[in-house]
file model.pdb (PDB, C-alpha atoms)
ATOM      1  CA  MET U  72      32.635   5.182   9.065
ATOM      2  CA  LYS U  73      30.906   7.008   6.202
ATOM      3  CA  PHE U  74      28.580   9.990   6.227
ATOM      4  CA  ILE U  75      25.636  10.674   3.917
ATOM      5  CA  VAL U  76      24.824  14.245   2.894
ATOM      6  CA  ASN U  77      21.071  14.800   3.045
ATOM      7  CA  ASN U  78      19.440  18.153   2.293
ATOM      8  CA  SER U  79      15.818  16.952   2.226
ATOM      9  CA  ASN U  80      13.344  18.505   4.677
ATOM     10  CA  ASP U  81      10.600  15.960   3.938
ATOM     11  CA  PRO U  82      10.032  14.020   7.204
ATOM     12  CA  ALA U  83       8.742  10.839   5.516
ATOM     13  CA  TYR U  84      11.673  10.859   3.072
ATOM     14  CA  ASN U  85      14.207  11.387   5.843
ATOM     15  CA  ILE U  86      12.822   8.489   7.868
ATOM     16  CA  ALA U  87      12.883   6.401   4.671
ATOM     17  CA  LEU U  88      16.549   7.331   4.130
ATOM     18  CA  GLU U  89      17.296   6.211   7.686
ATOM     19  CA  SER U  90      15.458   2.961   7.034
ATOM     20  CA  TYR U  91      17.355   2.339   3.779
ATOM     21  CA  ALA U  92      20.735   2.995   5.374
ATOM     22  CA  PHE U  93      19.818   0.847   8.373
ATOM     23  CA  ARG U  94      18.212  -2.151   6.663
ATOM     24  CA  GLU U  95      19.732  -2.249   3.198
ATOM     25  CA  LEU U  96      23.256  -0.808   3.371
ATOM     26  CA  LEU U  97      24.313  -3.803   5.439
ATOM     27  CA  SER U  98      27.851  -3.903   4.013
ATOM     28  CA  GLU U  99      28.611  -0.488   5.543
ATOM     29  CA  ASP U 100      29.852  -1.030   9.088
ATOM     30  CA  GLU U 101      29.109   2.508  10.279
ATOM     31  CA  LEU U 102      27.087   5.363   8.786
ATOM     32  CA  PHE U 103      26.381   8.909   9.966
ATOM     33  CA  LEU U 104      23.546  11.205   8.832
ATOM     34  CA  LEU U 105      22.424  14.721   9.699
ATOM     35  CA  TRP U 106      18.929  15.834   8.702
ATOM     36  CA  ILE U 107      16.407  18.614   9.237
ATOM     37  CA  ASN U 108      12.629  18.248   8.938
ATOM     38  CA  GLU U 109       9.954  20.766   8.126
ATOM     39  CA  PRO U 110       7.312  20.922  10.908
ATOM     40  CA  ALA U 111       6.466  17.363  11.962
ATOM     41  CA  ILE U 112       5.726  15.128  14.902
ATOM     42  CA  ILE U 113       7.781  11.961  14.809
ATOM     43  CA  ILE U 114       6.211   9.259  16.947
ATOM     44  CA  GLY U 115       7.847   6.137  18.342
ATOM     45  CA  LYS U 116       7.250   2.750  16.773
ATOM     46  CA  HIS U 117       5.061   1.485  19.625
ATOM     47  CA  GLN U 118       3.027   4.620  20.264
ATOM     48  CA  ASN U 119      -0.633   5.442  19.743
ATOM     49  CA  ALA U 120      -0.521   8.408  17.333
ATOM     50  CA  ILE U 121      -3.946   9.680  18.419
ATOM     51  CA  GLN U 122      -2.871   9.701  22.061
ATOM     52  CA  GLU U 123       0.324  11.667  21.409
ATOM     53  CA  ILE U 124      -0.777  14.525  19.200
ATOM     54  CA  ASN U 125      -3.281  17.330  18.994
ATOM     55  CA  LYS U 126      -4.576  16.096  15.652
ATOM     56  CA  GLU U 127      -6.955  18.987  15.101
ATOM     57  CA  TYR U 128      -3.995  21.375  15.489
ATOM     58  CA  THR U 129      -1.587  19.354  13.338
ATOM     59  CA  ASP U 130      -4.181  19.029  10.550
ATOM     60  CA  GLU U 131      -4.992  22.747  10.664
ATOM     61  CA  HIS U 132      -1.327  23.805  10.575
ATOM     62  CA  GLY U 133      -0.104  21.252   8.037
ATOM     63  CA  ILE U 134       2.222  19.544  10.503
ATOM     64  CA  HIS U 135       3.340  16.114   9.291
ATOM     65  CA  VAL U 136       2.940  13.061  11.524
ATOM     66  CA  VAL U 137       5.350  10.207  10.793
ATOM     67  CA  ARG U 138       6.014   6.975  12.680
ATOM     68  CA  ARG U 139       9.691   6.004  12.952
ATOM     69  CA  LEU U 140      11.329   2.587  13.308
ATOM     70  CA  SER U 141      12.676   3.097  16.826
ATOM     71  CA  GLY U 142      10.827   3.104  20.136
ATOM     72  CA  GLY U 143      10.604   5.954  22.621
ATOM     73  CA  GLY U 144       8.378   9.001  22.739
ATOM     74  CA  ALA U 145       6.976  11.588  20.355
ATOM     75  CA  VAL U 146       9.133  14.575  19.358
ATOM     76  CA  TYR U 147       8.347  17.777  17.494
ATOM     77  CA  HIS U 148      10.623  18.807  14.608
ATOM     78  CA  ASP U 149      10.815  22.002  12.604
ATOM     79  CA  LEU U 150      13.398  23.666  10.360
ATOM     80  CA  ASN U 151      15.351  24.814  13.434
ATOM     81  CA  ASN U 152      15.719  21.326  14.824
ATOM     82  CA  LEU U 153      18.738  19.135  13.978
ATOM     83  CA  ASN U 154      18.596  15.351  13.895
ATOM     84  CA  TYR U 155      21.521  12.955  13.729
ATOM     85  CA  THR U 156      21.690   9.235  13.060
ATOM     86  CA  ILE U 157      24.497   6.767  13.665
ATOM     87  CA  ILE U 158      24.168   3.242  12.286
ATOM     88  CA  SER U 159      26.599   0.534  13.320
ATOM     89  CA  ASN U 160      27.271  -3.187  12.914
ATOM     90  CA  LYS U 161      29.528  -3.113  15.964
ATOM     91  CA  ALA U 162      27.055  -2.603  18.799
ATOM     92  CA  GLU U 163      25.516  -5.568  20.576
ATOM     93  CA  GLU U 164      21.748  -5.627  20.901
ATOM     94  CA  GLY U 165      20.590  -4.528  24.332
ATOM     95  CA  SER U 166      23.616  -2.382  25.070
ATOM     96  CA  PHE U 167      21.735   0.919  24.599
ATOM     97  CA  ASP U 168      24.955   2.879  24.985
ATOM     98  CA  PHE U 169      23.391   6.274  24.335
ATOM     99  CA  LYS U 170      26.251   8.064  26.068
ATOM    100  CA  THR U 171      28.926   6.909  23.612
ATOM    101  CA  PHE U 172      26.856   7.914  20.618
ATOM    102  CA  SER U 173      26.039  11.318  22.151
ATOM    103  CA  LYS U 174      29.716  12.192  22.745
ATOM    104  CA  PRO U 175      30.250  14.119  19.450
ATOM    105  CA  VAL U 176      27.291  16.365  20.331
ATOM    106  CA  ILE U 177      28.603  17.015  23.851
ATOM    107  CA  ASP U 178      32.070  17.746  22.462
ATOM    108  CA  THR U 179      30.685  20.143  19.833
ATOM    109  CA  LEU U 180      28.741  22.066  22.466
ATOM    110  CA  ALA U 181      31.809  22.242  24.699
ATOM    111  CA  LYS U 182      33.742  23.922  21.869
ATOM    112  CA  LEU U 183      30.874  26.395  21.498
ATOM    113  CA  GLY U 184      31.078  27.266  25.198
ATOM    114  CA  VAL U 185      28.211  25.184  26.591
ATOM    115  CA  THR U 186      28.418  22.297  29.053
ATOM    116  CA  ALA U 187      25.948  19.533  28.227
ATOM    117  CA  ASN U 188      25.465  16.425  30.341
ATOM    118  CA  PHE U 189      24.101  12.972  29.620
ATOM    119  CA  THR U 190      21.361  12.215  32.156
ATOM    120  CA  GLY U 191      18.687   9.675  32.900
ATOM    121  CA  ARG U 192      17.857   6.978  30.419
ATOM    122  CA  ASN U 193      18.563   8.743  27.156
ATOM    123  CA  ASP U 194      18.653  12.535  27.496
ATOM    124  CA  LEU U 195      21.117  15.353  26.975
ATOM    125  CA  GLU U 196      20.652  18.377  29.218
ATOM    126  CA  ILE U 197      21.989  21.873  29.786
ATOM    127  CA  ASP U 198      21.492  23.122  33.365
ATOM    128  CA  GLY U 199      18.843  20.483  33.993
ATOM    129  CA  LYS U 200      16.851  21.301  30.848
ATOM    130  CA  LYS U 201      16.500  18.766  28.062
ATOM    131  CA  ILE U 202      18.026  19.623  24.666
ATOM    132  CA  CYS U 203      17.994  16.202  23.039
ATOM    133  CA  GLY U 204      16.094  12.960  23.148
ATOM    134  CA  ASN U 205      17.656   9.747  21.863
ATOM    135  CA  ALA U 206      16.305   6.441  20.635
ATOM    136  CA  GLN U 207      17.663   3.190  19.207
ATOM    137  CA  ALA U 208      16.477   0.360  17.010
ATOM    138  CA  TYR U 209      17.971  -3.049  16.135
ATOM    139  CA  TYR U 210      17.811  -5.110  12.973
ATOM    140  CA  LYS U 211      19.735  -8.337  12.321
ATOM    141  CA  GLY U 212      22.529  -7.472  14.739
ATOM    142  CA  ARG U 213      22.702  -3.918  13.444
ATOM    143  CA  MET U 214      21.964  -0.855  15.581
ATOM    144  CA  MET U 215      20.555   2.547  14.672
ATOM    145  CA  HIS U 216      20.918   5.393  17.153
ATOM    146  CA  HIS U 217      19.346   8.770  16.526
ATOM    147  CA  GLY U 218      19.039  12.006  18.439
ATOM    148  CA  CYS U 219      16.699  14.969  18.101
ATOM    149  CA  LEU U 220      18.478  18.227  19.002
ATOM    150  CA  LEU U 221      16.325  21.205  19.959
ATOM    151  CA  PHE U 222      18.333  24.014  18.400
ATOM    152  CA  ASP U 223      15.931  26.934  17.955
ATOM    153  CA  VAL U 224      12.512  25.281  17.813
ATOM    154  CA  ASP U 225       9.265  27.265  18.114
ATOM    155  CA  MET U 226       8.260  26.117  21.604
ATOM    156  CA  SER U 227       4.712  27.470  21.320
ATOM    157  CA  VAL U 228       4.006  25.233  18.332
ATOM    158  CA  LEU U 229       5.746  22.327  20.059
ATOM    159  CA  GLY U 230       3.437  22.748  23.070
ATOM    160  CA  ASN U 231       0.288  22.965  20.961
ATOM    161  CA  ALA U 232       1.166  20.123  18.591
ATOM    162  CA  LEU U 233       1.933  17.723  21.441
ATOM    163  CA  LYS U 234      -0.988  18.834  23.611
ATOM    164  CA  VAL U 235      -3.114  15.718  23.938
ATOM    165  CA  SER U 236      -6.887  15.961  23.746
ATOM    166  CA  LYS U 237      -9.161  15.967  26.757
ATOM    167  CA  ASP U 238     -10.886  12.860  25.456
ATOM    168  CA  LYS U 239     -10.477   9.778  27.599
ATOM    169  CA  ILE U 240      -8.273   7.375  25.646
ATOM    170  CA  GLU U 241      -7.405   3.871  26.765
ATOM    171  CA  SER U 242      -4.546   2.368  24.792
ATOM    172  CA  LYS U 243      -1.764  -0.191  25.018
ATOM    173  CA  GLY U 244       0.616   2.241  23.321
ATOM    174  CA  VAL U 245       3.762   3.588  24.987
ATOM    175  CA  LYS U 246       3.184   7.146  26.245
ATOM    176  CA  SER U 247       5.676  10.002  25.956
ATOM    177  CA  VAL U 248       7.243  11.453  29.077
ATOM    178  CA  ARG U 249       7.231  15.258  29.008
ATOM    179  CA  ALA U 250      10.285  17.083  30.339
ATOM    180  CA  ARG U 251      11.535  20.636  30.851
ATOM    181  CA  VAL U 252      13.215  21.635  27.592
ATOM    182  CA  THR U 253      15.345  24.455  26.211
ATOM    183  CA  ASN U 254      16.791  25.476  22.866
ATOM    184  CA  ILE U 255      20.537  25.070  22.348
ATOM    185  CA  ASN U 256      20.775  28.471  20.642
ATOM    186  CA  SER U 257      19.348  30.130  23.760
ATOM    187  CA  GLU U 258      22.280  28.742  25.775
ATOM    188  CA  LEU U 259      25.109  29.578  23.328
ATOM    189  CA  PRO U 260      27.402  32.533  24.165
ATOM    190  CA  GLU U 261      27.386  33.418  20.450
ATOM    191  CA  LYS U 262      24.236  32.753  18.407
ATOM    192  CA  MET U 263      24.406  30.804  15.166
ATOM    193  CA  THR U 264      22.088  29.295  12.565
ATOM    194  CA  VAL U 265      20.995  25.666  12.600
ATOM    195  CA  LEU U 266      22.948  25.096   9.376
ATOM    196  CA  GLU U 267      26.111  26.461  11.025
ATOM    197  CA  PHE U 268      25.459  24.149  13.954
ATOM    198  CA  LYS U 269      24.975  21.262  11.527
ATOM    199  CA  ASP U 270      28.379  22.027   9.990
ATOM    200  CA  ALA U 271      29.944  22.160  13.454
ATOM    201  CA  ILE U 272      28.587  18.714  14.339
ATOM    202  CA  LEU U 273      29.873  17.241  11.066
ATOM    203  CA  ALA U 274      33.291  18.837  11.626
ATOM    204  CA  GLN U 275      33.422  17.302  15.115
ATOM    205  CA  MET U 276      32.513  13.885  13.729
ATOM    206  CA  LYS U 277      35.323  14.161  11.166
ATOM    207  CA  GLU U 278      37.711  15.045  13.983
ATOM    208  CA  GLU U 279      36.647  12.114  16.174
ATOM    209  CA  TYR U 280      36.478   9.727  13.209
ATOM    210  CA  PRO U 281      39.340  10.901  10.931
ATOM    211  CA  GLU U 282      38.874   7.912   8.628
ATOM    212  CA  MET U 283      35.288   8.953   7.855
ATOM    213  CA  THR U 284      34.462   9.497   4.165
ATOM    214  CA  GLU U 285      31.318  10.432   2.244
ATOM    215  CA  TYR U 286      28.925   7.778   0.929
ATOM    216  CA  VAL U 287      27.287   9.124  -2.238
ATOM    217  CA  LEU U 288      23.882   7.657  -3.001
ATOM    218  CA  SER U 289      23.380   6.523  -6.618
ATOM    219  CA  PRO U 290      20.295   7.442  -8.680
ATOM    220  CA  SER U 291      18.910   3.918  -8.218
ATOM    221  CA  GLU U 292      19.417   4.187  -4.441
ATOM    222  CA  LEU U 293      17.618   7.535  -4.383
ATOM    223  CA  GLU U 294      14.733   5.931  -6.294
ATOM    224  CA  ARG U 295      14.638   3.095  -3.754
ATOM    225  CA  ILE U 296      14.480   5.593  -0.858
ATOM    226  CA  GLN U 297      11.621   7.434  -2.570
ATOM    227  CA  GLU U 298       9.836   4.104  -3.028
ATOM    228  CA  ILE U 299      10.198   3.300   0.691
ATOM    229  CA  ARG U 300       8.876   6.750   1.527
ATOM    230  CA  ASP U 301       5.843   6.442  -0.735
ATOM    231  CA  SER U 302       4.944   2.848   0.142
ATOM    232  CA  GLN U 303       5.542   2.994   3.903
ATOM    233  CA  PHE U 304       6.495   6.104   5.835
ATOM    234  CA  ALA U 305       4.198   8.562   4.022
ATOM    235  CA  THR U 306       1.144   6.287   4.296
ATOM    236  CA  TRP U 307      -1.811   6.504   6.670
ATOM    237  CA  ASP U 308      -1.591   2.745   7.238
ATOM    238  CA  TRP U 309       1.937   3.015   8.666
ATOM    239  CA  THR U 310       1.408   6.123  10.774
ATOM    240  CA  TYR U 311      -2.085   5.400  12.089
ATOM    241  CA  GLY U 312      -2.844   1.819  11.051
ATOM    242  CA  GLU U 313       0.125   0.606  13.100
ATOM    243  CA  THR U 314      -1.327   2.311  16.169
ATOM    244  CA  PRO U 315      -2.225  -0.112  18.977
ATOM    245  CA  ASP U 316      -5.961  -0.682  19.408
ATOM    246  CA  TYR U 317      -7.597   1.936  21.582
ATOM    247  CA  THR U 318     -10.918   3.107  22.970
ATOM    248  CA  VAL U 319     -12.030   6.745  23.037
ATOM    249  CA  GLU U 320     -14.711   8.420  25.141
ATOM    250  CA  ARG U 321     -15.528  11.821  23.662
ATOM    251  CA  SER U 322     -18.163  14.347  24.814
ATOM    252  CA  VAL U 323     -19.140  17.560  23.041
ATOM    253  CA  ARG U 324     -21.988  19.947  23.952
ATOM    254  CA  TYR U 325     -23.759  22.099  21.374
ATOM    255  CA  PRO U 326     -26.759  24.454  21.823
ATOM    256  CA  ALA U 327     -28.948  21.655  20.413
ATOM    257  CA  GLY U 328     -27.684  19.072  22.893
ATOM    258  CA  LYS U 329     -24.789  16.960  24.101
ATOM    259  CA  ILE U 330     -23.249  14.025  22.216
ATOM    260  CA  THR U 331     -21.127  11.429  23.999
ATOM    261  CA  SER U 332     -19.378   8.823  21.867
ATOM    262  CA  TYR U 333     -17.654   5.607  22.879
ATOM    263  CA  ILE U 334     -15.450   4.403  20.049
ATOM    264  CA  LYS U 335     -13.432   1.201  19.912
ATOM    265  CA  THR U 336     -10.850   1.023  17.161
ATOM    266  CA  GLU U 337      -8.620  -1.587  15.622
ATOM    267  CA  LYS U 338      -5.652  -0.221  13.646
ATOM    268  CA  SER U 339      -7.330   3.228  13.857
ATOM    269  CA  VAL U 340     -10.455   1.946  12.087
ATOM    270  CA  ILE U 341     -13.793   2.120  13.954
ATOM    271  CA  GLU U 342     -14.648  -1.381  15.111
ATOM    272  CA  SER U 343     -17.656  -0.388  17.199
ATOM    273  CA  ILE U 344     -19.282   2.852  18.345
ATOM    274  CA  LYS U 345     -22.050   3.810  20.762
ATOM    275  CA  ILE U 346     -23.575   7.292  20.748
ATOM    276  CA  TYR U 347     -25.474   8.782  23.705
ATOM    277  CA  GLY U 348     -26.715  12.243  24.601
ATOM    278  CA  ASP U 349     -29.616  14.579  25.292
ATOM    279  CA  PHE U 350     -30.071  15.614  21.654
ATOM    280  CA  PHE U 351     -33.346  15.203  19.749
ATOM    281  CA  GLY U 352     -33.948  13.301  16.523
ATOM    282  CA  ILE U 353     -36.530  11.178  14.733
ATOM    283  CA  GLY U 354     -34.210   8.451  13.458
ATOM    284  CA  ASP U 355     -32.632   5.605  15.409
ATOM    285  CA  VAL U 356     -29.045   6.593  16.178
ATOM    286  CA  SER U 357     -28.025   2.937  15.815
ATOM    287  CA  ASP U 358     -28.254   3.556  12.069
ATOM    288  CA  ILE U 359     -25.389   6.048  12.420
ATOM    289  CA  GLU U 360     -23.415   3.635  14.570
ATOM    290  CA  GLN U 361     -23.697   0.887  11.965
ATOM    291  CA  LEU U 362     -22.870   3.345   9.188
ATOM    292  CA  LEU U 363     -19.558   4.297  10.817
ATOM    293  CA  VAL U 364     -18.240   0.789  11.530
ATOM    294  CA  GLY U 365     -15.265   0.149   9.263
ATOM    295  CA  THR U 366     -14.500   3.867   8.795
ATOM    296  CA  ARG U 367     -11.057   5.281   9.515
ATOM    297  CA  TYR U 368     -11.018   7.215  12.792
ATOM    298  CA  GLU U 369     -10.251  10.464  10.967
ATOM    299  CA  TYR U 370     -12.443  13.584  10.879
ATOM    300  CA  GLN U 371     -12.619  13.782   7.079
ATOM    301  CA  ASP U 372     -13.455  10.075   6.733
ATOM    302  CA  VAL U 373     -16.204  10.258   9.368
ATOM    303  CA  LEU U 374     -17.591  13.462   7.828
ATOM    304  CA  LYS U 375     -17.716  11.894   4.359
ATOM    305  CA  LYS U 376     -19.594   8.883   5.733
ATOM    306  CA  LEU U 377     -22.118  11.046   7.614
ATOM    307  CA  GLU U 378     -22.781  13.057   4.460
ATOM    308  CA  GLU U 379     -24.439   9.928   3.032
ATOM    309  CA  VAL U 380     -27.467  10.485   5.287
ATOM    310  CA  ASP U 381     -29.757  13.337   6.352
ATOM    311  CA  ILE U 382     -28.059  14.064   9.654
ATOM    312  CA  SER U 383     -30.902  16.305  10.916
ATOM    313  CA  HIS U 384     -33.126  13.224  10.905
ATOM    314  CA  TYR U 385     -30.999  11.829  13.750
ATOM    315  CA  PHE U 386     -29.585  14.980  15.386
ATOM    316  CA  SER U 387     -32.109  17.807  15.271
ATOM    317  CA  ARG U 388     -30.664  21.293  14.670
ATOM    318  CA  MET U 389     -27.088  19.955  14.312
ATOM    319  CA  THR U 390     -24.908  20.087  11.225
ATOM    320  CA  THR U 391     -23.065  17.134   9.755
ATOM    321  CA  GLU U 392     -19.785  18.864  10.661
ATOM    322  CA  GLU U 393     -20.853  19.234  14.292
ATOM    323  CA  VAL U 394     -21.772  15.566  14.602
ATOM    324  CA  ALA U 395     -18.474  14.515  12.973
ATOM    325  CA  LYS U 396     -16.545  16.704  15.417
ATOM    326  CA  ALA U 397     -18.446  15.127  18.303
ATOM    327  CA  ILE U 398     -17.047  11.760  17.211
ATOM    328  CA  VAL U 399     -13.487  12.685  16.233
ATOM    329  CA  ALA U 400     -11.528  15.927  16.617
TER     330      ALA U 400
END
call {"tool": "encode", "arguments": {"input": "model.pdb", "output": "structure tokens"}}
result
Amino acid sequence: MKFIVNNSNDPAYNIALESYAFRELLSEDELFLLWINEPAIIIGKHQNAIQEINKEYTDEHGIHVVRRLSGGGAVYHDLNNLNYTIISNKAEEGSFDFKTFSKPVIDTLAKLGVTANFTGRNDLEIDGKKICGNAQAYYKGRMMHHGCLLFDVDMSVLGNALKVSKDKIESKGVKSVRARVTNINSELPEKMTVLEFKDAILAQMKEEYPEMTEYVLSPSELERIQEIRDSQFATWDWTYGETPDYTVERSVRYPAGKITSYIKTEKSVIESIKIYGDFFGIGDVSDIEQLLVGTRYEYQDVLKKLEEVDISHYFSRMTTEEVAKAIVA
């Protein structure tokens, strides 16, 4: 086994590094990575991004949203969250042996005076509270296992960022299952920093895998990882365009009237839209519906499109911003 030192906090880059190690370093039988992200929501490969996040909140607070290669649910990361990845050629597809791959974490916590247990399908818990979610992906007989360890995460931001909207959303995407969670640092007899905890995990891995050595990425490999980041994991098309088709029913009331929108999307692009309400206007609202077909289901994209017309002609005493917000948060 080899380990890769990674000090990047860029979520899209870190997912790209995972992808590179998983899909392109095929000659390495086993690889281990530790990584920390700045505030981000990492969604599962098969999830509907819109259905998992409070997009208005994530946009306002500059929280990244990145889709990963593995399945499972959405998780919130910040600089006090520690993620680990183990990649192996030795696991058979379908085994999903989360417990084996979580052992170094359990052993590290035991040394720090905390008893953690593997429970359910893929969770680590302390006293019945979740501290880690795990997921796996397969590629050409190769397996990638990663865990998201809640070390000292800001739970208030976590709750707000993952608070789904009140809009009615019908989607074929896989939904996250919410659980009672706790921070590892809250359970430790002696507090420590996330970087100290990171060092402790790496030390435990070296103890359990004494043959483990460092794999140093070359300049050309670092360029390749950056290319993967820029062309895939940092793009709107990957994060939102890969979202399963969905339909949204959204209602907003303003002093000038109520707007109810029914939006059908394909790859997060508006395929059709119907607008109803008790608002007043001279123009035929079907003009607005036709205008928005083909627009990304994003607030800024919808706003830009609506700015092409005199919105008061269709929605009396409403601003363009208000109408855009009635269609997408």
call {"tool": "closest_residue", "arguments": {"input": "model.pdb", "among": "U:Asn231, U:Thr190, U:Ser387, U:Asn77", "to": "Glu131 in chain U", "atoms": "only C-alpha atoms"}}
result
U:Asn231
call {"tool": "residues_near_point", "arguments": {"input": "model.pdb", "point": "(25.9, 22.4, 29.4)", "cutoff": "9 Å", "atoms": "all atoms listed in the file", "output": "list in words"}}
result
Ile177, Leu180, Ala181, Gly184, Val185, Thr186, Ala187, Asn188, Leu195, Glu196, Ile197, Asp198, Gly199 and Glu258 of chain U
call {"tool": "atom_distance", "arguments": {"input": "model.pdb", "atom1": "CA of Leu97 in chain U", "atom2": "CA of Pro290 in chain U"}}
result
18.5 Å
call {"tool": "closest_residue", "arguments": {"input": "model.pdb", "among": "U:Phe222, U:Tyr286, U:Phe386, U:Phe350", "to": "Glu101 in chain U", "atoms": "all atoms listed in the file"}}
result
U:Tyr286
call {"tool": "atom_distance", "arguments": {"input": "model.pdb", "atom1": "CA of Lys262 in chain U", "atom2": "CA of Ile112 in chain U"}}
result
25.8 Å
call {"tool": "atom_distance", "arguments": {"input": "model.pdb", "atom1": "CA of Glu392 in chain U", "atom2": "CA of Glu378 in chain U"}}
result
9.0 Å
call {"tool": "residues_around", "arguments": {"input": "model.pdb", "residues": "Thr336 in chain U", "least_positions_apart": "2", "cutoff": "6 Å", "atoms": "all atoms listed in the file", "output": "ChimeraX atom specification"}}
result
/U:316-317,339-342
call {"tool": "write_last_selection", "arguments": {"input": "model.pdb", "atoms": "C-alpha atoms", "output": "short mmCIF file (atom, residue, chain, number, x, y, z; two decimals), in the coordinates of the input"}}
result
data_model
loop_
_atom_site.label_atom_id
_atom_site.label_comp_id
_atom_site.auth_asym_id
_atom_site.auth_seq_id
_atom_site.Cartn_x
_atom_site.Cartn_y
_atom_site.Cartn_z
CA ASP U 316 -5.96 -0.68 19.41
CA TYR U 317 -7.60 1.94 21.58
CA SER U 339 -7.33 3.23 13.86
CA VAL U 340 -10.46 1.95 12.09
CA ILE U 341 -13.79 2.12 13.95
CA GLU U 342 -14.65 -1.38 15.11
#
call {"tool": "residues_around", "arguments": {"input": "model.pdb", "residues": "Phe189 in chain U", "least_positions_apart": "6", "cutoff": "12 Å", "atoms": "all atoms listed in the file", "output": "PyMOL selection string"}}
result
chain U and resi 168-178+195-205
call {"tool": "closest_residue", "arguments": {"input": "model.pdb", "among": "U:Leu362, U:Ile75, U:Val399, U:Leu183", "to": "Glu261 in chain U", "atoms": "all atoms listed in the file"}}
result
U:Leu183
call {"tool": "residues_around", "arguments": {"input": "model.pdb", "residues": "Ser98 in chain U", "least_positions_apart": "2", "cutoff": "12 Å", "atoms": "all atoms listed in the file", "output": "list in words"}}
result
Met72, Lys73, Ala92, Phe93, Arg94, Glu95, Leu96, Asp100, Glu101, Leu102, Ile158, Ser159, Asn160 and Arg213 of chain U
call {"tool": "write_last_selection", "arguments": {"input": "model.pdb", "atoms": "C-alpha atoms", "output": "PDB file, in the coordinates of the input"}}
result
ATOM      1  CA  MET U  72      32.635   5.182   9.065  1.00  0.00           C
ATOM      2  CA  LYS U  73      30.906   7.008   6.202  1.00  0.00           C
ATOM      3  CA  ALA U  92      20.735   2.995   5.374  1.00  0.00           C
ATOM      4  CA  PHE U  93      19.818   0.847   8.373  1.00  0.00           C
ATOM      5  CA  ARG U  94      18.212  -2.151   6.663  1.00  0.00           C
ATOM      6  CA  GLU U  95      19.732  -2.249   3.198  1.00  0.00           C
ATOM      7  CA  LEU U  96      23.256  -0.808   3.371  1.00  0.00           C
ATOM      8  CA  ASP U 100      29.852  -1.030   9.088  1.00  0.00           C
ATOM      9  CA  GLU U 101      29.109   2.508  10.279  1.00  0.00           C
ATOM     10  CA  LEU U 102      27.087   5.363   8.786  1.00  0.00           C
ATOM     11  CA  ILE U 158      24.168   3.242  12.286  1.00  0.00           C
ATOM     12  CA  SER U 159      26.599   0.534  13.320  1.00  0.00           C
ATOM     13  CA  ASN U 160      27.271  -3.187  12.914  1.00  0.00           C
ATOM     14  CA  ARG U 213      22.702  -3.918  13.444  1.00  0.00           C
TER      15      ARG U 213
END
call {"tool": "resolve_selection", "arguments": {"input": "model.pdb", "expression": "the PyMOL selection byres ((chain U and resi 268) around 12)", "output": "PyMOL selection string"}}
result
chain U and resi 105-107+151-155+176+179-180+182-183+220-223+255-256+259+261-267+269-275
call {"tool": "closest_residue", "arguments": {"input": "model.pdb", "among": "U:Gly133, U:Gly365, U:Gly218, U:Gly115", "to": "Ile334 in chain U", "atoms": "all atoms listed in the file"}}
result
U:Gly365
call {"tool": "closest_residue", "arguments": {"input": "model.pdb", "among": "U:Gly312, U:Pro110, U:Pro281, U:Pro260", "to": "Phe74 in chain U", "atoms": "only C-alpha atoms"}}
result
U:Pro281
